[in-house]
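Below: input-v3.pdb (PDB, C-alpha atoms)
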ATOM      1  CA  MET A   1      11.692  49.792  16.853  1.00  0.00           C
ATOM      2  CA  THR A   2      12.114  48.930  13.216  1.00  0.00           C
ATOM      3  CA  ARG A   3      11.163  50.611   9.957  1.00  0.00           C
ATOM      4  CA  ALA A   4       7.420  51.311   9.740  1.00  0.00           C
ATOM      5  CA  LEU A   5       5.078  50.981   6.740  1.00  0.00           C
ATOM      6  CA  VAL A   6       2.577  53.800   6.342  1.00  0.00           C
ATOM      7  CA  LEU A   7      -0.255  53.482   3.817  1.00  0.00           C
ATOM      8  CA  PHE A   8      -1.098  57.025   2.779  1.00  0.00           C
ATOM      9  CA  ALA A   9      -4.654  57.640   1.552  1.00  0.00           C
ATOM     10  CA  HIS A  10      -6.730  60.686   0.661  1.00  0.00           C
ATOM     11  CA  GLY A  11      -9.428  60.570   3.351  1.00  0.00           C
ATOM     12  CA  ALA A  12     -13.150  61.374   2.978  1.00  0.00           C
ATOM     13  CA  ARG A  13     -16.058  62.743   4.981  1.00  0.00           C
ATOM     14  CA  ASN A  14     -17.861  59.409   5.069  1.00  0.00           C
ATOM     15  CA  ALA A  15     -16.319  56.945   7.550  1.00  0.00           C
ATOM     16  CA  SER A  16     -17.373  53.972   5.377  1.00  0.00           C
ATOM     17  CA  TRP A  17     -14.954  55.217   2.711  1.00  0.00           C
ATOM     18  CA  ALA A  18     -12.020  53.910   4.742  1.00  0.00           C
ATOM     19  CA  ALA A  19     -13.209  50.272   4.835  1.00  0.00           C
ATOM     20  CA  PRO A  20     -11.083  48.915   1.950  1.00  0.00           C
ATOM     21  CA  PHE A  21      -8.061  50.821   3.275  1.00  0.00           C
ATOM     22  CA  GLU A  22      -8.516  49.175   6.682  1.00  0.00           C
ATOM     23  CA  ARG A  23      -8.678  45.778   4.978  1.00  0.00           C
ATOM     24  CA  LEU A  24      -5.565  46.623   2.978  1.00  0.00           C
ATOM     25  CA  ARG A  25      -3.737  47.587   6.164  1.00  0.00           C
ATOM     26  CA  ALA A  26      -4.784  44.342   7.876  1.00  0.00           C
ATOM     27  CA  GLN A  27      -3.644  42.262   4.889  1.00  0.00           C
ATOM     28  CA  ALA A  28      -0.259  43.984   4.732  1.00  0.00           C
ATOM     29  CA  GLN A  29       0.107  43.679   8.520  1.00  0.00           C
ATOM     30  CA  ALA A  30      -0.596  39.939   8.394  1.00  0.00           C
ATOM     31  CA  ARG A  31       2.235  39.537   5.892  1.00  0.00           C
ATOM     32  CA  LEU A  32       4.670  41.772   7.772  1.00  0.00           C
ATOM     33  CA  PRO A  33       4.524  40.518  11.361  1.00  0.00           C
ATOM     34  CA  GLY A  34       6.653  42.654  13.654  1.00  0.00           C
ATOM     35  CA  VAL A  35       6.454  45.675  11.338  1.00  0.00           C
ATOM     36  CA  PRO A  36       4.232  48.585  12.412  1.00  0.00           C
ATOM     37  CA  VAL A  37       1.761  48.970   9.500  1.00  0.00           C
ATOM     38  CA  SER A  38      -0.619  51.931   9.712  1.00  0.00           C
ATOM     39  CA  LEU A  39      -2.875  54.225   7.728  1.00  0.00           C
ATOM     40  CA  ALA A  40      -2.431  57.987   7.492  1.00  0.00           C
ATOM     41  CA  PHE A  41      -4.473  60.511   5.546  1.00  0.00           C
ATOM     42  CA  LEU A  42      -4.062  63.698   3.540  1.00  0.00           C
ATOM     43  CA  GLU A  43      -7.274  65.297   4.762  1.00  0.00           C
ATOM     44  CA  LEU A  44     -10.696  64.745   6.354  1.00  0.00           C
ATOM     45  CA  MET A  45      -9.599  61.660   8.340  1.00  0.00           C
ATOM     46  CA  GLU A  46      -7.185  61.036  11.200  1.00  0.00           C
ATOM     47  CA  PRO A  47      -4.311  60.547  11.673  1.00  0.00           C
ATOM     48  CA  ARG A  48      -2.866  63.069   9.216  1.00  0.00           C
ATOM     49  CA  LEU A  49       0.479  62.051   7.729  1.00  0.00           C
ATOM     50  CA  PRO A  50       2.768  64.643   9.417  1.00  0.00           C
ATOM     51  CA  ALA A  51       1.420  64.049  12.945  1.00  0.00           C
ATOM     52  CA  HIS A  52       1.494  60.302  12.405  1.00  0.00           C
ATOM     53  CA  VAL A  53       5.102  60.238  11.205  1.00  0.00           C
ATOM     54  CA  ALA A  54       6.114  62.459  14.133  1.00  0.00           C
ATOM     55  CA  GLU A  55       4.486  59.941  16.462  1.00  0.00           C
ATOM     56  CA  LEU A  56       6.294  56.999  14.844  1.00  0.00           C
ATOM     57  CA  ALA A  57       9.573  58.924  15.161  1.00  0.00           C
ATOM     58  CA  ALA A  58       8.842  59.615  18.842  1.00  0.00           C
ATOM     59  CA  GLN A  59       8.239  55.885  19.306  1.00  0.00           C
ATOM     60  CA  GLY A  60      11.733  55.229  17.938  1.00  0.00           C
ATOM     61  CA  ALA A  61      11.083  54.225  14.325  1.00  0.00           C
ATOM     62  CA  THR A  62      14.341  54.145  12.370  1.00  0.00           C
ATOM     63  CA  GLY A  63      12.673  54.677   9.018  1.00  0.00           C
ATOM     64  CA  ILE A  64       9.314  55.001   7.273  1.00  0.00           C
ATOM     65  CA  THR A  65       8.178  53.564   3.960  1.00  0.00           C
ATOM     66  CA  ILE A  66       5.206  55.540   2.661  1.00  0.00           C
ATOM     67  CA  VAL A  67       3.014  53.862   0.039  1.00  0.00           C
ATOM     68  CA  PRO A  68       0.475  56.204  -1.566  1.00  0.00           C
ATOM     69  CA  VAL A  69      -2.808  54.306  -1.856  1.00  0.00           C
ATOM     70  CA  PHE A  70      -4.015  56.473  -4.714  1.00  0.00           C
ATOM     71  CA  LEU A  71      -5.026  55.412  -8.224  1.00  0.00           C
ATOM     72  CA  GLY A  72      -3.703  58.431 -10.129  1.00  0.00           C
ATOM     73  CA  GLN A  73      -0.797  60.756  -9.465  1.00  0.00           C
ATOM     74  CA  GLY A  74      -2.259  64.246  -9.411  1.00  0.00           C
ATOM     75  CA  GLY A  75      -1.450  67.339  -7.379  1.00  0.00           C
ATOM     76  CA  HIS A  76      -1.742  65.486  -4.074  1.00  0.00           C
ATOM     77  CA  LEU A  77       1.108  63.131  -4.944  1.00  0.00           C
ATOM     78  CA  LEU A  78       3.121  65.394  -7.249  1.00  0.00           C
ATOM     79  CA  ARG A  79       3.038  68.476  -5.013  1.00  0.00           C
ATOM     80  CA  ASP A  80       1.413  68.008  -1.549  1.00  0.00           C
ATOM     81  CA  LEU A  81       3.167  64.766  -0.590  1.00  0.00           C
ATOM     82  CA  PRO A  82       6.720  65.827  -1.581  1.00  0.00           C
ATOM     83  CA  LEU A  83       6.226  69.081   0.383  1.00  0.00           C
ATOM     84  CA  MET A  84       5.079  67.145   3.458  1.00  0.00           C
ATOM     85  CA  VAL A  85       7.875  64.612   3.173  1.00  0.00           C
ATOM     86  CA  GLY A  86      10.477  67.380   2.729  1.00  0.00           C
ATOM     87  CA  GLN A  87       9.252  69.046   5.901  1.00  0.00           C
ATOM     88  CA  LEU A  88       9.136  65.723   7.775  1.00  0.00           C
ATOM     89  CA  GLN A  89      12.673  64.893   6.672  1.00  0.00           C
ATOM     90  CA  ALA A  90      13.857  68.315   7.909  1.00  0.00           C
ATOM     91  CA  ASP A  91      12.028  67.834  11.223  1.00  0.00           C
ATOM     92  CA  HIS A  92      13.286  64.268  11.703  1.00  0.00           C
ATOM     93  CA  PRO A  93      16.745  64.057  10.090  1.00  0.00           C
ATOM     94  CA  GLN A  94      17.455  60.710  11.802  1.00  0.00           C
ATOM     95  CA  LEU A  95      14.479  59.097  10.044  1.00  0.00           C
ATOM     96  CA  ALA A  96      14.989  57.452   6.632  1.00  0.00           C
ATOM     97  CA  ILE A  97      11.786  58.298   4.762  1.00  0.00           C
ATOM     98  CA  GLU A  98      11.103  56.528   1.468  1.00  0.00           C
ATOM     99  CA  VAL A  99       8.103  57.115  -0.774  1.00  0.00           C
ATOM    100  CA  ALA A 100       6.921  54.395  -3.169  1.00  0.00           C
ATOM    101  CA  GLY A 101       4.953  54.958  -6.381  1.00  0.00           C
ATOM    102  CA  ALA A 102       1.165  55.082  -6.228  1.00  0.00           C
ATOM    103  CA  VAL A 103      -0.556  51.688  -6.059  1.00  0.00           C
ATOM    104  CA  GLY A 104      -2.599  52.569  -9.153  1.00  0.00           C
ATOM    105  CA  GLU A 105       0.585  52.712 -11.237  1.00  0.00           C
ATOM    106  CA  ASP A 106       1.464  49.077 -10.448  1.00  0.00           C
ATOM    107  CA  PRO A 107       0.884  46.740 -13.455  1.00  0.00           C
ATOM    108  CA  ASP A 108      -0.489  43.910 -11.280  1.00  0.00           C
ATOM    109  CA  VAL A 109      -2.965  46.243  -9.557  1.00  0.00           C
ATOM    110  CA  LEU A 110      -4.020  47.531 -12.971  1.00  0.00           C
ATOM    111  CA  LYS A 111      -4.451  43.945 -14.225  1.00  0.00           C
ATOM    112  CA  ALA A 112      -6.652  43.065 -11.220  1.00  0.00           C
ATOM    113  CA  MET A 113      -8.729  46.189 -11.858  1.00  0.00           C
ATOM    114  CA  SER A 114      -9.204  45.395 -15.546  1.00  0.00           C
ATOM    115  CA  ASP A 115     -10.167  41.798 -14.634  1.00  0.00           C
ATOM    116  CA  TYR A 116     -12.792  43.281 -12.320  1.00  0.00           C
ATOM    117  CA  CYS A 117     -14.132  45.716 -14.945  1.00  0.00           C
ATOM    118  CA  VAL A 118     -14.420  42.969 -17.575  1.00  0.00           C
ATOM    119  CA  ALA A 119     -16.144  40.628 -15.082  1.00  0.00           C
ATOM    120  CA  ALA A 120     -18.562  43.389 -14.020  1.00  0.00           C
ATOM    121  CA  TYR A 121     -19.504  43.932 -17.667  1.00  0.00           C
ATOM    122  CA  ALA A 122     -19.933  40.203 -18.300  1.00  0.00           C
ATOM    123  CA  LYS A 123     -22.207  39.896 -15.243  1.00  0.00           C
ATOM    124  CA  THR A 124     -24.649  42.584 -16.434  1.00  0.00           C
ATOM    125  CA  PRO A 125     -27.813  41.036 -17.899  1.00  0.00           C
TER
ATOM    126  CA  MET B   1     -24.955  49.308 -31.023  1.00  0.00           C
ATOM    127  CA  THR B   2     -24.505  47.078 -28.026  1.00  0.00           C
ATOM    128  CA  ARG B   3     -24.181  47.651 -24.289  1.00  0.00           C
ATOM    129  CA  ALA B   4     -21.334  50.024 -23.426  1.00  0.00           C
ATOM    130  CA  LEU B   5     -18.841  49.836 -20.543  1.00  0.00           C
ATOM    131  CA  VAL B   6     -18.095  53.149 -18.842  1.00  0.00           C
ATOM    132  CA  LEU B   7     -15.248  53.404 -16.330  1.00  0.00           C
ATOM    133  CA  PHE B   8     -16.227  56.193 -13.964  1.00  0.00           C
ATOM    134  CA  ALA B   9     -13.390  58.027 -12.218  1.00  0.00           C
ATOM    135  CA  HIS B  10     -13.084  61.113 -10.046  1.00  0.00           C
ATOM    136  CA  GLY B  11     -11.005  63.397 -12.261  1.00  0.00           C
ATOM    137  CA  ALA B  12      -8.217  65.781 -11.223  1.00  0.00           C
ATOM    138  CA  ARG B  13      -6.655  69.089 -12.233  1.00  0.00           C
ATOM    139  CA  ASN B  14      -3.422  67.464 -13.369  1.00  0.00           C
ATOM    140  CA  ALA B  15      -3.731  65.698 -16.747  1.00  0.00           C
ATOM    141  CA  SER B  16      -1.089  63.122 -15.731  1.00  0.00           C
ATOM    142  CA  TRP B  17      -3.496  61.859 -13.087  1.00  0.00           C
ATOM    143  CA  ALA B  18      -5.550  60.088 -15.753  1.00  0.00           C
ATOM    144  CA  ALA B  19      -2.680  57.927 -17.072  1.00  0.00           C
ATOM    145  CA  PRO B  20      -3.490  54.703 -15.157  1.00  0.00           C
ATOM    146  CA  PHE B  21      -7.178  55.133 -15.980  1.00  0.00           C
ATOM    147  CA  GLU B  22      -6.309  55.370 -19.683  1.00  0.00           C
ATOM    148  CA  ARG B  23      -4.250  52.181 -19.378  1.00  0.00           C
ATOM    149  CA  LEU B  24      -7.123  50.490 -17.561  1.00  0.00           C
ATOM    150  CA  ARG B  25      -9.511  51.511 -20.337  1.00  0.00           C
ATOM    151  CA  ALA B  26      -7.144  50.171 -23.001  1.00  0.00           C
ATOM    152  CA  GLN B  27      -6.738  46.848 -21.153  1.00  0.00           C
ATOM    153  CA  ALA B  28     -10.489  46.396 -20.726  1.00  0.00           C
ATOM    154  CA  GLN B  29     -11.053  47.391 -24.369  1.00  0.00           C
ATOM    155  CA  ALA B  30      -8.523  44.806 -25.563  1.00  0.00           C
ATOM    156  CA  ARG B  31     -10.460  42.114 -23.735  1.00  0.00           C
ATOM    157  CA  LEU B  32     -13.887  43.299 -24.883  1.00  0.00           C
ATOM    158  CA  PRO B  33     -13.523  43.746 -28.646  1.00  0.00           C
ATOM    159  CA  GLY B  34     -16.672  45.181 -30.187  1.00  0.00           C
ATOM    160  CA  VAL B  35     -17.789  46.757 -26.913  1.00  0.00           C
ATOM    161  CA  PRO B  36     -17.496  50.543 -26.569  1.00  0.00           C
ATOM    162  CA  VAL B  37     -15.278  51.008 -23.482  1.00  0.00           C
ATOM    163  CA  SER B  38     -14.792  54.580 -22.313  1.00  0.00           C
ATOM    164  CA  LEU B  39     -13.823  56.779 -19.379  1.00  0.00           C
ATOM    165  CA  ALA B  40     -16.096  59.376 -17.806  1.00  0.00           C
ATOM    166  CA  PHE B  41     -15.439  61.659 -14.848  1.00  0.00           C
ATOM    167  CA  LEU B  42     -17.204  63.148 -11.865  1.00  0.00           C
ATOM    168  CA  GLU B  43     -15.423  66.481 -12.036  1.00  0.00           C
ATOM    169  CA  LEU B  44     -12.382  68.402 -13.340  1.00  0.00           C
ATOM    170  CA  MET B  45     -11.958  66.186 -16.438  1.00  0.00           C
ATOM    171  CA  GLU B  46     -13.999  65.566 -19.569  1.00  0.00           C
ATOM    172  CA  PRO B  47     -16.240  63.876 -20.495  1.00  0.00           C
ATOM    173  CA  ARG B  48     -18.502  64.161 -17.456  1.00  0.00           C
ATOM    174  CA  LEU B  49     -20.681  61.113 -16.824  1.00  0.00           C
ATOM    175  CA  PRO B  50     -24.140  62.586 -17.647  1.00  0.00           C
ATOM    176  CA  ALA B  51     -23.066  64.131 -20.974  1.00  0.00           C
ATOM    177  CA  HIS B  52     -21.162  61.002 -21.890  1.00  0.00           C
ATOM    178  CA  VAL B  53     -24.068  58.653 -21.186  1.00  0.00           C
ATOM    179  CA  ALA B  54     -26.384  60.964 -23.169  1.00  0.00           C
ATOM    180  CA  GLU B  55     -23.957  60.715 -26.102  1.00  0.00           C
ATOM    181  CA  LEU B  56     -23.827  56.905 -25.887  1.00  0.00           C
ATOM    182  CA  ALA B  57     -27.635  56.847 -25.817  1.00  0.00           C
ATOM    183  CA  ALA B  58     -27.756  59.123 -28.872  1.00  0.00           C
ATOM    184  CA  GLN B  59     -25.387  56.720 -30.639  1.00  0.00           C
ATOM    185  CA  GLY B  60     -27.879  53.920 -29.981  1.00  0.00           C
ATOM    186  CA  ALA B  61     -26.436  52.124 -26.947  1.00  0.00           C
ATOM    187  CA  THR B  62     -28.970  49.671 -25.537  1.00  0.00           C
ATOM    188  CA  GLY B  63     -27.448  49.682 -22.069  1.00  0.00           C
ATOM    189  CA  ILE B  64     -24.566  50.990 -19.990  1.00  0.00           C
ATOM    190  CA  THR B  65     -22.498  49.213 -17.348  1.00  0.00           C
ATOM    191  CA  ILE B  66     -20.839  51.783 -15.100  1.00  0.00           C
ATOM    192  CA  VAL B  67     -17.825  50.616 -13.073  1.00  0.00           C
ATOM    193  CA  PRO B  68     -16.681  53.131 -10.440  1.00  0.00           C
ATOM    194  CA  VAL B  69     -12.888  53.226 -10.525  1.00  0.00           C
ATOM    195  CA  PHE B  70     -12.656  54.451  -6.958  1.00  0.00           C
ATOM    196  CA  LEU B  71     -10.882  52.834  -4.009  1.00  0.00           C
ATOM    197  CA  GLY B  72     -13.332  53.784  -1.262  1.00  0.00           C
ATOM    198  CA  GLN B  73     -17.071  54.346  -1.321  1.00  0.00           C
ATOM    199  CA  GLY B  74     -17.638  57.804   0.090  1.00  0.00           C
ATOM    200  CA  GLY B  75     -20.130  60.549  -0.708  1.00  0.00           C
ATOM    201  CA  HIS B  76     -19.283  60.504  -4.424  1.00  0.00           C
ATOM    202  CA  LEU B  77     -20.416  56.895  -4.818  1.00  0.00           C
ATOM    203  CA  LEU B  78     -23.038  56.764  -2.064  1.00  0.00           C
ATOM    204  CA  ARG B  79     -24.790  60.020  -2.970  1.00  0.00           C
ATOM    205  CA  ASP B  80     -23.536  61.783  -6.149  1.00  0.00           C
ATOM    206  CA  LEU B  81     -23.465  58.729  -8.436  1.00  0.00           C
ATOM    207  CA  PRO B  82     -26.940  57.361  -7.502  1.00  0.00           C
ATOM    208  CA  LEU B  83     -28.395  60.866  -8.049  1.00  0.00           C
ATOM    209  CA  MET B  84     -26.750  61.115 -11.474  1.00  0.00           C
ATOM    210  CA  VAL B  85     -27.817  57.611 -12.462  1.00  0.00           C
ATOM    211  CA  GLY B  86     -31.394  58.262 -11.292  1.00  0.00           C
ATOM    212  CA  GLN B  87     -31.545  61.361 -13.457  1.00  0.00           C
ATOM    213  CA  LEU B  88     -29.951  59.556 -16.412  1.00  0.00           C
ATOM    214  CA  GLN B  89     -32.415  56.704 -16.091  1.00  0.00           C
ATOM    215  CA  ALA B  90     -35.308  59.207 -16.066  1.00  0.00           C
ATOM    216  CA  ASP B  91     -33.865  61.019 -19.104  1.00  0.00           C
ATOM    217  CA  HIS B  92     -33.165  57.795 -21.023  1.00  0.00           C
ATOM    218  CA  PRO B  93     -35.822  55.262 -19.997  1.00  0.00           C
ATOM    219  CA  GLN B  94     -34.912  52.954 -22.906  1.00  0.00           C
ATOM    220  CA  LEU B  95     -31.360  52.559 -21.567  1.00  0.00           C
ATOM    221  CA  ALA B  96     -30.591  49.741 -19.087  1.00  0.00           C
ATOM    222  CA  ILE B  97     -28.095  51.338 -16.705  1.00  0.00           C
ATOM    223  CA  GLU B  98     -26.248  49.066 -14.264  1.00  0.00           C
ATOM    224  CA  VAL B  99     -23.754  50.234 -11.657  1.00  0.00           C
ATOM    225  CA  ALA B 100     -21.086  47.829 -10.333  1.00  0.00           C
ATOM    226  CA  GLY B 101     -19.352  48.058  -6.955  1.00  0.00           C
ATOM    227  CA  ALA B 102     -16.202  50.160  -6.634  1.00  0.00           C
ATOM    228  CA  VAL B 103     -13.020  48.482  -7.879  1.00  0.00           C
ATOM    229  CA  GLY B 104     -11.406  49.047  -4.479  1.00  0.00           C
ATOM    230  CA  GLU B 105     -13.960  46.750  -2.843  1.00  0.00           C
ATOM    231  CA  ASP B 106     -12.939  43.791  -5.013  1.00  0.00           C
ATOM    232  CA  PRO B 107     -10.932  41.163  -3.064  1.00  0.00           C
ATOM    233  CA  ASP B 108      -8.556  40.487  -5.970  1.00  0.00           C
ATOM    234  CA  VAL B 109      -7.814  44.188  -6.424  1.00  0.00           C
ATOM    235  CA  LEU B 110      -7.191  44.451  -2.688  1.00  0.00           C
ATOM    236  CA  LYS B 111      -4.873  41.431  -2.831  1.00  0.00           C
ATOM    237  CA  ALA B 112      -2.869  42.988  -5.676  1.00  0.00           C
ATOM    238  CA  MET B 113      -2.611  46.240  -3.703  1.00  0.00           C
ATOM    239  CA  SER B 114      -1.402  44.492  -0.547  1.00  0.00           C
ATOM    240  CA  ASP B 115       1.153  42.539  -2.629  1.00  0.00           C
ATOM    241  CA  TYR B 116       2.383  45.885  -3.932  1.00  0.00           C
ATOM    242  CA  CYS B 117       2.573  47.473  -0.455  1.00  0.00           C
ATOM    243  CA  VAL B 118       4.504  44.521   0.967  1.00  0.00           C
ATOM    244  CA  ALA B 119       6.886  44.513  -2.020  1.00  0.00           C
ATOM    245  CA  ALA B 120       7.435  48.272  -1.715  1.00  0.00           C
ATOM    246  CA  TYR B 121       8.341  47.824   1.958  1.00  0.00           C
ATOM    247  CA  ALA B 122      10.685  44.910   1.200  1.00  0.00           C
ATOM    248  CA  LYS B 123      12.458  46.986  -1.482  1.00  0.00           C
ATOM    249  CA  THR B 124      13.284  49.865   0.862  1.00  0.00           C
ATOM    250  CA  PRO B 125      16.925  49.710   1.988  1.00  0.00           C
TER
END

Now, as a test, write the supplied structure out as structure tokens.
Amino acid sequence: MTRALVLFAHGARNASWAAPFERLRAQAQARLPGVPVSLAFLELMEPRLPAHVAELAAQGATGITIVPVFLGQGGHLLRDLPLMVGQLQADHPQLAIEVAGAVGEDPDVLKAMSDYCVAAYAKTP
Amino acid sequence: MTRALVLFAHGARNASWAAPFERLRAQAQARLPGVPVSLAFLELMEPRLPAHVAELAAQGATGITIVPVFLGQGGHLLRDLPLMVGQLQADHPQLAIEVAGAVGEDPDVLKAMSDYCVAAYAKTP
């Protein structure tokens, strides 16, 4: 097994919340054939990140790239995620775990969002 | 005063969380000169949406376009926001309030996010 890509999202009570994250996963998967691309959540939805990474390790993953699908970097990314990753790295020393910056910090994502906001304003009667 | 654009975000305890939302506001403002473009929050950060819309109305706004800067549509957008907007519309009947879809549901935003995820994976050693 190769290095896996895990899209890490917050999770919510309402199942419909996950729809754009599922689409994001499918799009990334289509562009990375042969790479295991999956979603994992902080809370309220399954799988949770630690159990999911343990499962990927058990399946023989050599490494994990975690991309936080969050807009802002608050306590979840500044505190909760590093704690989880530290524990995962201790539990799975053979696994190379890398954490990318939050998607919301990417200039191209920001540009697409501002395009959308401007278009939404222009569309209002 | 004209129609205002309000970018509606969740809010967080950590002030650094708001940084990409501030950049988004500045980008949208640069492309909509003469339009009041502002941020408002559901919780934990100020201004909150109801107080902010009341202030815009008091300043003479003729309408408000609200763009939810959320990735998924969960309880906050499916239940909390419609309740707030219903109350705001009752309180300010002269104000035309329009609510756009969440930024995370936009195909171009999704495309930019999947580009970012794929690039983050490719960058990992």

Can you tell me, as a PyMOL selection string, what residues are no more than 7 Å from region 8-10 of chain B when counting all atoms listed in the file, ignoring any on the same chain fewer than 4 positions away? chain B and resi 39-43+66-70

For the structure provided, state which residues fall under the ChimeraX specification (/A :<8) & /B, and present them as number ranges by chain. B: 5, 7, 12-21, 23-25, 27-28, 31-32, 65, 67, 70-75, 98, 100, 103-106, 108-118, 120-121, 124

Between CA of Leu49 (chain B) and CA of Val85 (chain B), what is the spacing in Å?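 For CA of Val85 (chain B) relative to CA of Leu49 (chain B), the distance reads 9.1 Å.
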
Apply the PyMOL selection byres ((chain A and resi 88) around 12) to the structure shown and report the selected residues as a list in words.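 This file, filtered by the PyMOL selection byres ((chain A and resi 88) around 12), leaves Leu49, Pro50, Ala51, His52, Val53, Ala54, Glu55, Leu56, Ala57, Gly63, Ile64, Leu81, Pro82, Leu83, Met84, Val85, Gly86, Gln87, Gln89, Ala90, Asp91, His92, Pro93, Gln94, Leu95, Ala96, Ile97 and Glu98 of chain A.
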
Please, could you write that set of residues out with C-alpha atoms as a CSV table (one decimal), in the coordinates of the input?
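Result file is selection_19.csv:
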chain,number,residue,atom,x,y,z
A,49,LEU,CA,0.5,62.1,7.7
A,50,PRO,CA,2.8,64.6,9.4
A,51,ALA,CA,1.4,64.0,12.9
A,52,HIS,CA,1.5,60.3,12.4
A,53,VAL,CA,5.1,60.2,11.2
A,54,ALA,CA,6.1,62.5,14.1
A,55,GLU,CA,4.5,59.9,16.5
A,56,LEU,CA,6.3,57.0,14.8
A,57,ALA,CA,9.6,58.9,15.2
A,63,GLY,CA,12.7,54.7,9.0
A,64,ILE,CA,9.3,55.0,7.3
A,81,LEU,CA,3.2,64.8,-0.6
A,82,PRO,CA,6.7,65.8,-1.6
A,83,LEU,CA,6.2,69.1,0.4
A,84,MET,CA,5.1,67.1,3.5
A,85,VAL,CA,7.9,64.6,3.2
A,86,GLY,CA,10.5,67.4,2.7
A,87,GLN,CA,9.3,69.0,5.9
A,89,GLN,CA,12.7,64.9,6.7
A,90,ALA,CA,13.9,68.3,7.9
A,91,ASP,CA,12.0,67.8,11.2
A,92,HIS,CA,13.3,64.3,11.7
A,93,PRO,CA,16.7,64.1,10.1
A,94,GLN,CA,17.5,60.7,11.8
A,95,LEU,CA,14.5,59.1,10.0
A,96,ALA,CA,15.0,57.5,6.6
A,97,ILE,CA,11.8,58.3,4.8
A,98,GLU,CA,11.1,56.5,1.5

Find the distance between CA of Arg79 (chain B) and CA of Val37 (chain B) and write it in Å to one decimal.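 Those two atoms sit 24.3 Å apart.
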
What does the structure give for the distance between CA of Pro47 (chain B) and CA of Gly60 (chain B), in Å to one decimal?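 Going from CA of Pro47 (chain B) over to CA of Gly60 (chain B), I get 18.0 Å.
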